[in-house]
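To be precise, the following lines are start-v8.csv, and they hold CSV, C-alpha atoms.
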chain,number,residue,atom,x,y,z
A,3,MET,CA,-11.6,11.9,7.2
A,4,SER,CA,-13.2,10.5,10.4
A,5,LEU,CA,-11.4,9.7,13.6
A,6,TYR,CA,-12.3,6.9,16.0
A,7,SER,CA,-12.1,8.3,19.4
A,8,CYS,CA,-13.0,11.4,21.5
A,9,LEU,CA,-11.2,11.6,24.8
A,10,LEU,CA,-13.2,12.7,27.9
A,11,ARG,CA,-11.6,13.5,31.2
A,12,ALA,CA,-13.7,13.0,34.3
A,13,ALA,CA,-12.8,12.5,38.0
A,14,GLY,CA,-9.2,12.3,37.0
A,15,LEU,CA,-9.7,9.3,34.8
A,16,LEU,CA,-9.4,9.0,31.1
A,17,VAL,CA,-12.5,7.7,29.5
A,18,VAL,CA,-12.4,6.6,25.9
A,19,ALA,CA,-15.6,7.1,24.0
A,20,VAL,CA,-15.5,4.7,21.1
A,21,LEU,CA,-17.1,6.8,18.4
A,22,LEU,CA,-16.2,5.0,15.2
A,23,GLY,CA,-16.3,7.4,12.2
A,24,ALA,CA,-17.7,10.3,14.3
A,25,CYS,CA,-15.0,12.9,15.1
A,26,GLY,CA,-12.6,15.4,13.6
A,27,THR,CA,-9.8,14.9,11.1
A,28,THR,CA,-6.5,13.1,11.3
A,29,GLY,CA,-4.5,15.9,9.6
A,30,THR,CA,-2.3,13.5,7.7
A,31,SER,CA,-1.9,15.5,4.5
A,32,ARG,CA,0.6,18.2,3.8
A,33,PRO,CA,-0.7,21.7,4.1
A,34,ASP,CA,-0.1,22.3,0.4
A,35,SER,CA,-2.3,19.4,-0.7
A,36,PRO,CA,-5.5,17.6,0.4
A,37,TYR,CA,-4.1,14.3,-1.0
A,38,ARG,CA,-1.9,11.9,0.8
A,39,ILE,CA,1.4,10.6,-0.5
A,40,VAL,CA,2.3,7.3,1.3
A,41,ALA,CA,5.7,5.6,0.8
A,42,TYR,CA,6.4,2.0,1.6
A,43,ASP,CA,10.0,1.9,2.7
A,44,THR,CA,12.2,-1.0,3.8
A,45,ALA,CA,15.0,1.4,5.0
A,46,GLU,CA,17.6,-1.2,3.9
A,47,ALA,CA,21.2,-0.4,4.5
A,48,GLY,CA,22.5,2.0,1.8
A,49,ALA,CA,19.0,2.8,0.6
A,50,PRO,CA,18.3,6.5,0.0
A,51,VAL,CA,16.2,8.4,2.4
A,52,PRO,CA,13.0,9.6,0.6
A,53,ASP,CA,12.3,13.3,0.5
A,54,ALA,CA,10.2,13.6,3.6
A,55,ASP,CA,9.0,17.1,2.5
A,56,LYS,CA,7.1,15.4,-0.3
A,57,LEU,CA,5.6,12.6,1.9
A,58,ASP,CA,2.7,12.5,4.4
A,59,VAL,CA,3.2,8.9,5.6
A,60,LEU,CA,6.1,6.5,5.5
A,61,ASN,CA,5.1,2.9,6.0
A,62,PHE,CA,8.1,1.0,7.4
A,63,ALA,CA,8.1,-2.5,6.0
A,64,PHE,CA,7.9,-4.9,7.6
A,65,ALA,CA,7.1,-6.1,11.1
A,66,VAL,CA,6.0,-9.7,11.3
A,67,VAL,CA,3.5,-11.9,13.2
A,68,ARG,CA,5.5,-14.3,15.4
A,69,ASP,CA,3.7,-16.6,17.8
A,70,GLY,CA,0.6,-14.3,17.4
A,71,ARG,CA,2.5,-11.1,18.3
A,72,VAL,CA,3.5,-8.2,16.1
A,73,VAL,CA,7.3,-7.9,16.4
A,74,LEU,CA,10.2,-6.5,14.4
A,75,PRO,CA,12.8,-8.8,12.9
A,76,ALA,CA,16.1,-8.6,14.7
A,77,ASP,CA,17.7,-6.1,12.3
A,78,ALA,CA,14.7,-3.9,11.9
A,79,ALA,CA,14.5,-1.9,15.1
A,80,SER,CA,17.4,0.4,14.4
A,81,ARG,CA,16.3,1.0,10.8
A,82,LEU,CA,12.8,1.9,12.1
A,83,ASP,CA,14.2,4.3,14.6
A,84,ARG,CA,16.3,6.1,11.9
A,85,ARG,CA,13.1,6.7,10.0
A,86,VAL,CA,11.2,7.8,13.1
A,87,ALA,CA,14.0,10.3,13.6
A,88,LEU,CA,12.9,12.1,10.4
A,89,LYS,CA,10.0,13.5,12.3
A,90,ARG,CA,12.3,15.9,14.2
A,91,ARG,CA,13.0,17.8,11.0
A,92,HIS,CA,9.7,17.0,9.3
A,93,PRO,CA,7.0,17.2,12.0
A,94,HIS,CA,4.1,16.7,9.5
A,95,LEU,CA,5.5,13.2,8.7
A,96,LYS,CA,3.7,10.1,10.1
A,97,ILE,CA,5.7,6.9,10.5
A,98,VAL,CA,3.5,3.9,10.3
A,99,VAL,CA,4.7,0.3,11.0
A,100,SER,CA,3.5,-2.1,8.3
A,101,VAL,CA,3.1,-5.7,9.4
A,102,GLY,CA,3.1,-8.6,6.9
A,103,GLY,CA,3.7,-8.5,3.2
A,104,TRP,CA,3.6,-11.2,0.5
A,105,GLY,CA,4.2,-14.6,2.0
A,106,ALA,CA,4.1,-13.4,5.6
A,107,GLY,CA,1.9,-15.6,7.7
A,108,GLY,CA,0.5,-15.8,11.2
A,109,PHE,CA,-2.5,-13.6,10.6
A,110,SER,CA,-5.1,-16.3,10.2
A,111,GLU,CA,-4.0,-18.0,13.4
A,112,ALA,CA,-3.8,-14.7,15.4
A,113,ALA,CA,-7.3,-13.6,14.2
A,114,ALA,CA,-9.1,-16.8,14.9
A,115,THR,CA,-9.9,-16.2,18.6
A,116,PRO,CA,-10.7,-13.2,20.8
A,117,ALA,CA,-7.6,-13.9,22.9
A,118,GLY,CA,-5.4,-14.1,19.8
A,119,ARG,CA,-6.8,-10.9,18.4
A,120,GLN,CA,-6.2,-9.1,21.7
A,121,GLN,CA,-2.6,-10.4,21.8
A,122,PHE,CA,-2.0,-9.2,18.3
A,123,ALA,CA,-3.4,-5.7,19.1
A,124,ASP,CA,-1.6,-5.4,22.4
A,125,SER,CA,1.8,-6.3,20.9
A,126,ALA,CA,1.2,-3.9,18.0
A,127,ALA,CA,0.4,-1.1,20.4
A,128,ARG,CA,3.5,-1.8,22.5
A,129,LEU,CA,5.7,-1.7,19.4
A,130,LEU,CA,4.3,1.7,18.3
A,131,VAL,CA,4.8,3.2,21.8
A,132,ALA,CA,8.3,1.8,22.1
A,133,HIS,CA,9.4,3.4,18.8
A,134,ASP,CA,7.3,6.6,18.8
A,135,ALA,CA,5.5,5.5,15.6
A,136,ASP,CA,2.2,6.9,14.5
A,137,GLY,CA,0.1,3.9,13.4
A,138,LEU,CA,-0.2,0.4,12.1
A,139,ASP,CA,-0.7,-0.8,8.5
A,140,VAL,CA,-1.9,-4.4,8.3
A,141,ASP,CA,-0.7,-6.1,5.1
A,142,TRP,CA,-2.3,-9.5,5.2
A,143,GLU,CA,-2.1,-11.0,1.7
A,144,TYR,CA,-4.8,-12.3,1.7
A,145,PRO,CA,-7.6,-13.2,4.2
A,146,GLY,CA,-9.1,-16.5,3.2
A,147,SER,CA,-6.4,-17.3,0.6
A,148,ASP,CA,-3.4,-19.5,0.8
A,149,LEU,CA,-2.1,-18.3,-2.5
A,150,ALA,CA,1.1,-17.0,-0.8
A,151,LYS,CA,1.5,-20.4,1.0
A,152,ILE,CA,0.3,-19.0,4.3
A,153,GLY,CA,-2.4,-20.2,6.7
A,154,ALA,CA,-6.0,-19.5,5.7
A,155,ARG,CA,-9.4,-20.3,7.1
A,156,SER,CA,-12.9,-20.2,5.8
A,157,ASP,CA,-13.8,-17.7,8.6
A,158,ASP,CA,-10.9,-15.3,7.9
A,159,ARG,CA,-13.3,-12.7,6.4
A,160,ALA,CA,-15.2,-12.3,9.6
A,161,ASN,CA,-12.1,-12.7,11.8
A,162,PHE,CA,-10.3,-10.0,9.9
A,163,THR,CA,-13.1,-7.5,10.7
A,164,ALA,CA,-12.9,-8.6,14.3
A,165,LEU,CA,-9.1,-8.2,14.3
A,166,LEU,CA,-9.3,-4.7,13.0
A,167,ARG,CA,-11.9,-3.7,15.5
A,168,THR,CA,-9.8,-5.0,18.3
A,169,VAL,CA,-6.7,-3.2,17.0
A,170,ARG,CA,-8.7,0.0,16.6
A,171,GLU,CA,-10.1,-0.1,20.1
A,172,THR,CA,-6.7,-1.0,21.6
A,173,LEU,CA,-5.0,1.8,19.7
A,174,GLN,CA,-7.6,4.2,21.0
A,175,ARG,CA,-7.0,3.2,24.6
A,176,THR,CA,-3.2,3.4,24.1
A,177,ALA,CA,-3.4,6.9,22.6
A,178,ALA,CA,-5.4,8.0,25.6
A,179,THR,CA,-2.9,6.4,28.1
A,180,GLN,CA,0.0,8.0,26.2
A,181,GLY,CA,-1.7,11.4,26.1
A,182,ARG,CA,-1.4,11.6,22.4
A,183,THR,CA,-2.9,14.7,20.8
A,184,GLU,CA,-3.6,12.7,17.6
A,185,PRO,CA,-5.0,9.2,17.4
A,186,TYR,CA,-2.9,6.3,16.0
A,187,LEU,CA,-3.5,5.6,12.3
A,188,LEU,CA,-4.9,2.2,11.2
A,189,THR,CA,-4.7,1.3,7.5
A,190,ILE,CA,-4.5,-1.9,5.5
A,191,ALA,CA,-2.8,-2.9,2.3
A,192,SER,CA,-5.5,-4.4,0.1
A,193,ALA,CA,-6.0,-5.6,-3.5
A,194,ASP,CA,-8.8,-5.7,-6.0
A,195,SER,CA,-10.8,-8.2,-8.0
A,196,LYS,CA,-11.0,-11.7,-6.4
A,197,TYR,CA,-8.1,-10.8,-4.1
A,198,VAL,CA,-10.4,-8.6,-2.0
A,199,ASP,CA,-13.1,-11.3,-1.6
A,200,GLY,CA,-11.7,-12.2,1.9
A,201,ILE,CA,-12.4,-8.6,3.2
A,202,ASP,CA,-15.8,-7.3,4.2
A,203,LEU,CA,-15.2,-3.8,2.8
A,204,ALA,CA,-18.4,-2.3,4.2
A,205,ALA,CA,-17.6,-3.6,7.7
A,206,VAL,CA,-14.0,-2.6,7.9
A,207,THR,CA,-14.3,0.8,6.3
A,208,PRO,CA,-15.4,2.6,9.5
A,209,LEU,CA,-12.5,1.0,11.3
A,210,LEU,CA,-9.8,2.3,9.0
A,211,ASP,CA,-8.3,5.7,8.2
A,212,TRP,CA,-7.8,4.6,4.6
A,213,PHE,CA,-7.0,1.6,2.2
A,214,ASN,CA,-3.6,1.4,0.5
A,215,VAL,CA,-4.9,-0.4,-2.6
A,216,MET,CA,-2.1,-2.3,-4.3
A,217,THR,CA,-3.0,-1.4,-7.9
A,218,TYR,CA,0.0,-3.0,-9.3
A,219,ASP,CA,1.2,-6.6,-10.1
A,220,PHE,CA,-2.0,-6.9,-12.3
A,221,ASN,CA,0.0,-9.1,-14.7
A,222,ASN,CA,2.8,-11.1,-13.1
A,223,SER,CA,4.4,-14.5,-12.7
A,224,LEU,CA,1.1,-16.0,-11.7
A,225,THR,CA,-0.9,-14.7,-14.7
A,226,ARG,CA,-1.2,-16.3,-18.2
A,227,LEU,CA,-0.6,-13.2,-20.2
A,228,ALA,CA,2.0,-10.5,-20.3
A,229,GLY,CA,0.5,-7.0,-19.9
A,230,HIS,CA,0.5,-3.7,-18.0
A,231,HIS,CA,1.1,-4.4,-14.3
A,232,SER,CA,0.0,-1.0,-13.0
A,233,GLY,CA,-2.2,0.4,-15.8
A,234,LEU,CA,-4.7,3.1,-15.0
A,235,TYR,CA,-7.2,2.1,-17.7
A,236,PRO,CA,-7.7,-1.0,-19.8
A,237,ALA,CA,-5.6,-1.3,-22.9
A,238,ALA,CA,-7.4,-1.5,-26.3
A,239,VAL,CA,-6.2,-5.2,-26.6
A,240,ALA,CA,-6.8,-6.1,-22.9
A,241,PRO,CA,-9.3,-8.9,-22.2
A,242,SER,CA,-12.6,-7.9,-20.7
A,243,ASP,CA,-11.6,-9.0,-17.2
A,244,ALA,CA,-8.2,-7.2,-17.2
A,245,ARG,CA,-7.4,-5.7,-13.8
A,246,THR,CA,-6.7,-1.9,-13.9
A,247,THR,CA,-6.5,0.9,-11.3
A,248,SER,CA,-9.8,2.5,-12.5
A,249,ARG,CA,-11.6,-0.8,-12.2
A,250,ALA,CA,-10.3,-1.4,-8.7
A,251,VAL,CA,-11.5,2.1,-7.7
A,252,ARG,CA,-15.0,1.4,-9.0
A,253,GLN,CA,-15.0,-1.9,-7.1
A,254,TYR,CA,-14.2,-0.1,-3.8
A,255,LEU,CA,-16.7,2.7,-4.5
A,256,ALA,CA,-19.4,0.2,-5.3
A,257,ALA,CA,-18.8,-1.5,-1.9
A,258,GLY,CA,-19.4,1.8,-0.1
A,259,VAL,CA,-15.9,2.9,0.5
A,260,PRO,CA,-15.7,6.7,0.6
A,261,ALA,CA,-13.5,8.1,-2.2
A,262,ASP,CA,-11.2,9.8,0.2
A,263,LYS,CA,-10.4,6.6,1.9
A,264,ILE,CA,-9.1,5.1,-1.4
A,265,VAL,CA,-5.3,5.6,-1.8
A,266,ILE,CA,-4.2,4.0,-5.1
A,267,GLY,CA,-0.9,2.3,-5.7
A,268,ALA,CA,2.0,3.2,-7.9
A,269,ALA,CA,4.9,0.9,-8.8
A,270,PHE,CA,8.5,2.1,-8.5
A,271,TYR,CA,9.6,-1.1,-10.3
A,272,ALA,CA,9.0,-2.8,-13.6
A,273,LEU,CA,8.1,-6.4,-14.5
A,274,ARG,CA,9.7,-8.2,-17.4
A,275,PHE,CA,8.2,-11.0,-19.5
A,276,ASP,CA,10.4,-13.0,-22.0
A,277,GLY,CA,9.5,-15.1,-25.0
A,278,VAL,CA,6.3,-13.1,-25.5
A,279,LYS,CA,4.2,-13.6,-28.7
A,280,PRO,CA,4.9,-10.5,-30.8
A,281,GLU,CA,1.3,-9.5,-31.7
A,282,HIS,CA,0.5,-6.0,-30.3
A,283,ASP,CA,4.2,-5.6,-29.3
A,284,GLY,CA,3.6,-8.3,-26.7
A,285,LEU,CA,0.7,-6.6,-24.8
A,286,TYR,CA,-1.7,-9.2,-23.4
A,287,GLN,CA,0.0,-12.1,-25.1
A,288,PRO,CA,1.2,-15.5,-23.8
A,289,TYR,CA,4.8,-15.6,-22.7
A,290,ASP,CA,7.4,-18.3,-22.0
A,291,LYS,CA,9.2,-17.0,-18.9
A,292,PHE,CA,8.7,-14.4,-16.2
A,293,GLY,CA,11.8,-12.2,-16.1
A,294,GLY,CA,11.4,-10.7,-12.7
A,295,ALA,CA,11.3,-7.2,-11.3
A,296,ILE,CA,13.5,-4.3,-12.2
A,297,ALA,CA,13.9,-1.3,-9.9
A,298,TRP,CA,13.2,2.1,-11.5
A,299,ARG,CA,16.8,3.2,-11.1
A,300,ASP,CA,18.0,0.1,-13.0
A,301,LEU,CA,15.3,0.4,-15.6
A,302,LYS,CA,16.5,3.9,-16.5
A,303,ARG,CA,20.1,3.0,-16.6
A,304,GLU,CA,19.9,-0.3,-18.5
A,305,PHE,CA,16.7,-0.7,-20.4
A,306,ILE,CA,14.7,2.3,-21.5
A,307,ASN,CA,15.7,2.8,-25.1
A,308,ARG,CA,18.7,0.5,-24.6
A,309,GLN,CA,19.6,-3.1,-25.4
A,310,GLY,CA,17.1,-3.1,-28.2
A,311,TYR,CA,14.2,-2.0,-26.0
A,312,ARG,CA,12.0,0.9,-27.2
A,313,ARG,CA,9.7,2.9,-25.1
A,314,HIS,CA,6.0,3.0,-26.2
A,315,TRP,CA,3.1,4.8,-24.7
A,316,ASP,CA,-0.3,3.2,-24.5
A,317,ASP,CA,-2.7,6.1,-24.7
A,318,ARG,CA,-5.7,3.9,-23.8
A,319,ALA,CA,-4.1,2.5,-20.6
A,320,ASP,CA,-2.2,5.7,-19.7
A,321,ALA,CA,0.9,3.5,-19.2
A,322,PRO,CA,4.3,3.1,-20.8
A,323,TYR,CA,5.9,-0.2,-21.8
A,324,LEU,CA,9.2,-1.4,-23.4
A,325,TRP,CA,9.2,-3.9,-26.3
A,326,ASN,CA,12.2,-5.7,-27.7
A,327,PRO,CA,11.3,-7.1,-31.1
A,328,THR,CA,14.5,-9.2,-31.3
A,329,THR,CA,14.2,-11.0,-28.0
A,330,HIS,CA,10.4,-10.7,-27.8
A,331,SER,CA,10.7,-9.3,-24.3
A,332,LEU,CA,8.1,-6.9,-22.7
A,333,ILE,CA,8.7,-4.6,-19.8
A,334,VAL,CA,5.8,-2.9,-18.0
A,335,TYR,CA,6.1,-0.1,-15.5
A,336,ASP,CA,5.1,3.3,-14.1
A,337,ASP,CA,7.0,6.4,-15.1
A,338,PRO,CA,6.6,10.2,-14.5
A,339,ALA,CA,4.0,10.4,-17.3
A,340,SER,CA,1.8,7.6,-16.0
A,341,LEU,CA,2.1,8.9,-12.4
A,342,ALA,CA,0.9,12.3,-13.6
A,343,ALA,CA,-2.1,10.6,-15.2
A,344,LYS,CA,-2.8,8.8,-11.9
A,345,ALA,CA,-2.5,12.1,-10.0
A,346,ASP,CA,-5.0,13.7,-12.4
A,347,TYR,CA,-7.3,10.7,-11.8
A,348,VAL,CA,-7.0,11.0,-8.0
A,349,LYS,CA,-8.0,14.7,-8.2
A,350,LEU,CA,-10.8,14.1,-10.7
A,351,HIS,CA,-12.4,11.4,-8.5
A,352,HIS,CA,-11.5,13.1,-5.1
A,353,LEU,CA,-9.6,10.0,-4.0
A,354,GLY,CA,-7.4,9.9,-0.9
A,355,GLY,CA,-4.0,10.0,-2.7
A,356,ILE,CA,-1.3,7.8,-4.0
A,357,MET,CA,1.0,5.3,-2.3
A,358,PHE,CA,4.0,3.5,-3.8
A,359,TRP,CA,6.2,0.4,-3.4
A,360,GLN,CA,8.9,1.2,-2.7
A,361,ALA,CA,11.0,4.2,-1.8
A,362,GLY,CA,14.5,2.6,-2.2
A,363,GLN,CA,13.9,1.9,-5.9
A,364,ASP,CA,13.8,5.6,-6.8
A,365,ASP,CA,17.3,6.8,-6.0
A,366,ASP,CA,17.0,10.4,-7.3
A,367,GLY,CA,13.4,10.9,-6.3
A,368,GLU,CA,12.2,11.4,-9.9
A,369,LEU,CA,9.0,9.3,-9.4
A,370,LEU,CA,8.2,10.7,-6.0
A,371,THR,CA,8.6,14.2,-7.4
A,372,ALA,CA,6.2,13.4,-10.3
A,373,ILE,CA,3.5,12.3,-7.8
A,374,TRP,CA,4.1,15.3,-5.6
A,375,LYS,CA,3.9,17.8,-8.5
A,376,GLY,CA,0.8,16.0,-9.8
A,377,LEU,CA,-1.1,16.2,-6.6
A,378,ARG,CA,-0.3,19.8,-5.8

Take the structure in the file and write it out as structure tokens.
Amino acid sequence: MSLYSCLLRAAGLLVVAVLLGACGTTGTSRPDSPYRIVAYDTAEAGAPVPDADKLDVLNFAFAVVRDGRVVLPADAASRLDRRVALKRRHPHLKIVVSVGGWGAGGFSEAAATPAGRQQFADSAARLLVAHDADGLDVDWEYPGSDLAKIGARSDDRANFTALLRTVRETLQRTAATQGRTEPYLLTIASADSKYVDGIDLAAVTPLLDWFNVMTYDFNNSLTRLAGHHSGLYPAAVAPSDARTTSRAVRQYLAAGVPADKIVIGAAFYALRFDGVKPEHDGLYQPYDKFGGAIAWRDLKREFINRQGYRRHWDDRADAPYLWNPTTHSLIVYDDPASLAAKADYVKLHHLGGIMFWQAGQDDDGELLTAIWKGLR
């Protein structure tokens, strides 16, 4: 993977050479695997601490954009510091602050002017220094779109590129000032299909260490049909335009994104659809009501082969699902088998690794272990 700075010392001054995509490696993968495992983690009170020995990067979610600045919510600083403390026992682990998330605004406004972009970047750098974090993950959902009821502009696409360039350059300068031996990481959470239209993939790729591609929520409360929400391949009964992980990867590769900068997503939660038409056990059928999300820990305890639900395996999509023929309810999710298939896909196509949302939903680490074993 490329770095974005080489540090030169001359006449006692630190001079930052901005050499985008020209130097070294970031060393963010465990020594036993060339693939990254990236966890999104809210570090909520009572949530289990993920097994850091099986992680490369922990993305702390979330910082927010407030008055154009990247800041932590009032209760988040202590939670972030507890996660940063994991580095003392796990020195390979990188703690990255993720800013944004679904419905989190302020990005379009901050990115609209050079002064706003610099304020965003400077505040992000100060936050990383203050908490000894290792990088920033920008989770703007989505540039150019007000789908999540946030501000959007027609020039968000160009402004997003400019914002990331400003952040990258600012983090380079900050790393030099702090005397860091490794540069700060810069990643983004991104989507696929039309949801990536607001990003100039070719332009931002040299600025980023990698993309955390959210290859989940393909079918959800906003879609007309019930179906796999994190499927690797299209189901036999899926419509021709169905979103899948493999299709998302092809989209990124076609845009010139190097394979090792594509980190695909896994879901540690299920989605339920109720009142689904029963053809094909509910797969890709209209439904009456979206039943919400179910954490993996609850799915195992309450739903898999319980309450009339029966587990099925879609060997075309490489994805499991639950169907209740009495209530006409469909539940779609990832499990150890589908995660093993995704790990095989990552290795086959030499991708960057797997990220997941989110660590607190996997109490006993079963899903994380499946990813870790699959990528070894």

Inset, instruction - Name the residues within 8 Å of (-4.8, 5.3, -8.0), counting all atoms listed in the file in the file's coordinates, and put them as a PyMOL selection string. - result: chain A and resi 215+217+234+247-248+251+264-268+344-345+347-348+353+355-356

Inset, instruction - Please provide the set of residues having any atom within 7 Å of region 112-127 of chain A, restricted to only C-alpha atoms, with same-chain residues fewer than 2 positions apart removed, written as an MDAnalysis selection string. - result: chainID A and resid 70:72 108:110 129:131 161:162 165 168:169 172:173 176

Inset, instruction - Enter the distance from CA of Phe292 (chain A) to CA of Ala269 (chain A), in Å, rounded to one decimal. - result: 17.4 Å

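Candidate residues A:Val98, A:Leu350, A:Ala65, A:Ala106 were compared for distance to Tyr42 (chain A), and the nearest is A:Val98, using only C-alpha atoms.
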
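CA of Gly103 (chain A) is positioned 27.3 Å from CA of Asp290 (chain A).
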
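If you look at CA of Arg182 (chain A) and CA of Lys96 (chain A), they are 13.4 Å away from each other.
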
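The residues that lie within 9 Å of the point (14.9, -4.0, 6.0), counting only C-alpha atoms, are Asp43, Thr44, Ala45, Glu46, Ala47, Phe62, Ala63, Phe64, Pro75, Asp77, Ala78, Arg81 and Leu82 of chain A.
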
Legend entry - Gly258 (chain A) surroundings by all atoms listed in the file, 7 Å radius, close-in-sequence under 3 positions cut, as a ChimeraX atom specification: /A:204,254-255

Inset, instruction - Would you mind listing what lies within 6 Å of region 143-159 of chain A as a VMD selection string, with only C-alpha atoms counted and same-chain residues fewer than 6 positions away left out? - result: chain A and resid 104 to 105 107 110 200 to 201

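The smallest atom-to-atom distance between Pro236 (chain A) and any of A:Tyr271, A:Gly137, A:Asp211, A:Asp320, using all atoms listed in the file, is found for A:Asp320.
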
Legend entry - Contacts of Val51 (chain A) within 10 Å, all atoms listed in the file, excl. fewer than 4 positions in-chain, as a list in words: Asp43, Ala45, Glu46, Arg84, Arg85, Leu88, Ala361, Gly362, Asp364, Asp365, Asp366 and Gly367 of chain A

Legend entry - Contacts of Thr246 (chain A) at 6 Å (all atoms listed in the file; same-chain gap of 3+ positions) as number ranges by chain: A: 233-235, 249

Test item: axis-aligned box, all listed atoms of region 221-235 of chain A, 8 Å on each side, centre and edges in Å rounded to one decimal, as AutoDock Vina command-line options:
--center_x -1.4 --center_y -6.6 --center_z -16.0 --size_x 27.6 --size_y 35.4 --size_z 24.6
